[in-house]
Amino acid sequence: MGMTIAEKILAQHAGKDVVRPGELITARVDMVLGNDITSPLAINEFKKIGVNRVFDKDRIALVPDHFTPNKDIKSAEQSKLLREFAREHQITYYYEVGRMGIEHALLPEEGLALPGEIIIGADSHTCTYGALGAMSTGVGSTDMAAAMALGEAWFKVPSTLKFVFNGKLQPWVSGKDLVLYLIGKIGVDGALYRSMEFWGEMISSLSMDSRLAMCNMAIEAGAKCGIIEPDQITLDYVTPRAKRNFTPVYVDKDAEYEKVYTFSGDEIEPQVAFPHLPENTRGISEVGEVRLDQVVIGSCTNGRMEDLRIAAEILRGKKVHRDVRLLIIPGTQNIVRQAMREGLLEIFIAAEAVVSTPTCGPCLGGHMGILANGERALATTNRNFVGRMGHPGSEVYLSNPAIAAASAIAGKICAPGEVL
Amino acid sequence: MQGYVWKFGNDIDTDAIIPARYLNTSDPAELAKHLMEDADESFPSKVKAGDMIVALKNFGCGSSREHAPLAIKAGGVACVIAHSFARIFYRNAINIGLPILESPAAAEKIEQGHEIRVDLAAGTIENLSTGEIYQAAPFPPFMQTIMDKGGLIGYVKWRLESEQS
Ligand code: SF4
């Protein structure tokens, strides 16, 4: 009996021929990640272990992205802890403001997440790198501390759900819509503890940016990871940037799945998730009248080049609605630079949007665009829990960048066709 | 252990347990002041040491913030029982030594204000208010070892020491 991609990667890293769902194993990790919220806790725990060095200074990435550039004194203190730890242990991949990006936009771009690897990060959206064929998953700060000391972590081998997307992508449909649609079908605990594998014609035709957006939200279905088998698109993306040698892992022909879901692309239009759970999805044609105070285009889900290009295509020559604040937050410094070269920043600013330095910012209600009581936002982010972007009495809707850009112009949630 | 129950529903996310606006610190006592604030504003002032949380499905979904189980522990909550837990919350709780039990039956039947007694080693939950007894699946031995060492850090220290000797 064969293994799924997650099972195969876990087995290899645990030095075993085979692993089966439910098995508890200890496996070597290729990369350990932390940010300015989770690393301070991890660093304190690391100190308690009593080892005096990290397992490998080239296999730890520290990215202060959530409350940076530091929003207040307390967050400045947290970032300082990170910076000092990085200096003390000569961490190669510490990214200071000016070089940093949102961690899950940054690591793929930097070639630090690669096919066939295990990556753990003290951030739930670490599952993003499944788009590159890695088994990557979010853990807590204590896990991060232990992994920084030992270079390994404990795992329960997940069973795998297979999702097949047949057919062709409809206009304005991206990886974000496929994953929102899927979460709408199976619910926010529909893949609890599971590995998800994404297959089918639609997946093969998705760009890397769209795949990253899709796998980013595997956690929103409760999954441990969401994986796309490496193909030519993957290799074209990782080969020029890889910081390490890597070996792609492919699924076994006779891999065993807990369940197989099949969707047809023809029925999937751009999706909008209503408050207060990502599973409250509707097709754009069923949204109705939803007026907006703020629109956010950014985050580790949709702050990449493709997202900005789509937004610019819609915003070119238009103005943001007078009652709406549009915030555009490119994911990394490289993306800011590329957007500048392509003239996208010019289009955004001419449309009267705010363009920010890379940061998580409003995505988690941190800073840079917090909502007041009763305010309503549409965001290309990944979570719309109560209070996620500010006051517990505010509301967040989720969509792809095309819907977000069009809605910023219209002042209410709408399809791009309505403003173009 | 024995305590008073606070009951919560489905999909209680980590933003409800401890909102991100308070994550500019990782001091557990500071975090505990805002425990469950967005789900029930007065919760931090009502919860007493030894109380227990009982919730339905997918407790702790969302972020990987360990601040969530830390805030619960520092808030004095002795144990969390749920129909199911989100996976990162589950491992975080084990790793920091916060007792948690998965029992769909207990999660359905136990109500706010009930008095319950929990035997972690046996996995039994006794509802003193109704007399019902529920059985949760006991921890696999590996996780039990982590709990016995007081959490993952204690476990790692113990492992490093035994490798040396
Ligand atoms: S952009 Fe949002 S979801 Fe992504 S890492 Fe930052 S806070 Fe988390």
# chains A, B, ... in the order shown; residues from 1 in each chain; ligands from 1

$ interface_residues --of "chain A" --to "chain B" --cutoff "9 Å" --atoms "only C-alpha atoms" --output "MDAnalysis selection string"
chainID A and resid 24 36:38 40:41 45:46 48:51 67 72:78 121:125 138:143 145:146 149:150 188:189 192:193 219:220 222:224 277 364:367 383 385:388 390 392

$ residues_near_ligand --ligand "ligand 1" --cutoff "6 Å" --atoms "only C-alpha atoms and all ligand atoms" --output "MDAnalysis selection string"
chainID A and resid 66 299:300 360 363:364

$ write_last_selection --atoms "C-alpha atoms" --output "PDB file, in the first residue's frame"
ATOM      1  CA  HIS A  66       3.192  41.341  12.589  1.00  0.00           C
ATOM      2  CA  SER A 299      -1.555  39.649   3.726  1.00  0.00           C
ATOM      3  CA  CYS A 300       0.205  36.305   3.370  1.00  0.00           C
ATOM      4  CA  CYS A 360       0.612  41.949   8.684  1.00  0.00           C
ATOM      5  CA  CYS A 363      -4.958  41.437   8.948  1.00  0.00           C
ATOM      6  CA  LEU A 364      -4.871  40.518  12.631  1.00  0.00           C
TER       7      LEU A 364
END

$ residues_around --residues "Lys33 of chain B" --least-positions-apart "4" --cutoff "12 Å" --atoms "only C-alpha atoms" --output "PyMOL selection string"
chain B and resi 17-19+22+27-29+37+41-47+70-76

$ closest_residue --among "B:Val5, B:Leu56, B:Met147, B:Ile125" --to "Ile94 of chain B" --atoms "only C-alpha atoms"
B:Met147

$ atom_distance --atom1 "atom CA of Leu62 of chain A" --atom2 "atom CA of Tyr93 of chain A"
6.4 Å

$ atom_distance --atom1 "atom CA of Asp209 of chain A" --atom2 "atom CA of Leu344 of chain A"
17.2 Å

$ residues_around --residues "Arg309 of chain A" --least-positions-apart "2" --cutoff "10 Å" --atoms "only C-alpha atoms" --output "CSV table (one decimal) with N, CA and C atoms, in the first residue's frame"
chain,number,residue,atom,x,y,z
A,304,ARG,N,0.8,39.2,-3.1
A,304,ARG,CA,1.9,38.8,-4.0
A,304,ARG,C,1.7,39.6,-5.3
A,305,MET,N,2.7,39.4,-6.2
A,305,MET,CA,2.8,40.2,-7.5
A,305,MET,C,1.5,40.0,-8.3
A,306,GLU,N,1.1,38.8,-8.5
A,306,GLU,CA,-0.1,38.5,-9.3
A,306,GLU,C,-1.3,39.3,-8.7
A,307,ASP,N,-1.4,39.3,-7.4
A,307,ASP,CA,-2.6,40.0,-6.7
A,307,ASP,C,-2.5,41.5,-7.0
A,311,ALA,N,-5.2,43.8,-9.1
A,311,ALA,CA,-5.8,45.0,-8.5
A,311,ALA,C,-5.6,46.2,-9.4
A,312,ALA,N,-4.4,46.3,-9.9
A,312,ALA,CA,-4.0,47.5,-10.7
A,312,ALA,C,-4.8,47.5,-12.0
A,313,GLU,N,-5.0,46.3,-12.6
A,313,GLU,CA,-5.8,46.2,-13.8
A,313,GLU,C,-7.2,46.8,-13.6
A,314,ILE,N,-7.7,46.6,-12.5
A,314,ILE,CA,-9.1,47.1,-12.2
A,314,ILE,C,-9.1,48.5,-11.8
A,315,LEU,N,-8.0,48.9,-11.0
A,315,LEU,CA,-8.0,50.3,-10.5
A,315,LEU,C,-7.5,51.3,-11.5
A,339,ALA,N,6.5,46.2,-8.0
A,339,ALA,CA,5.3,46.9,-8.3
A,339,ALA,C,5.6,48.4,-8.7
A,342,GLU,N,6.8,48.3,-12.3
A,342,GLU,CA,5.8,48.1,-13.3
A,342,GLU,C,4.8,49.2,-13.3
A,343,GLY,N,5.0,50.2,-12.4
A,343,GLY,CA,4.0,51.3,-12.4
A,343,GLY,C,2.7,51.1,-11.7
A,344,LEU,N,2.7,50.0,-10.9
A,344,LEU,CA,1.5,49.7,-10.2
A,344,LEU,C,1.2,50.6,-9.0
A,401,PRO,N,-8.4,39.4,-4.7
A,401,PRO,CA,-8.0,40.9,-5.0
A,401,PRO,C,-8.9,41.5,-6.1
A,402,ALA,N,-9.4,40.8,-7.1
A,402,ALA,CA,-10.2,41.4,-8.1
A,402,ALA,C,-11.5,41.9,-7.5

$ residues_around --residues "Pro275 of chain A" --least-positions-apart "2" --cutoff "10 Å" --atoms "only C-alpha atoms" --output "number ranges by chain"
A: 272-273, 277-281, 376, 383-386, 394-398

$ select_by_dssp --residues "segment 58-195 of chain A" --states "alpha helix (DSSP H)" --output "number ranges by chain"
A: 73-88, 103-109, 141-150, 175-186

$ residues_around --residues "Ile116 of chain B" --least-positions-apart "3" --cutoff "6 Å" --atoms "only C-alpha atoms" --output "number ranges by chain"
B: 2-3, 126-128
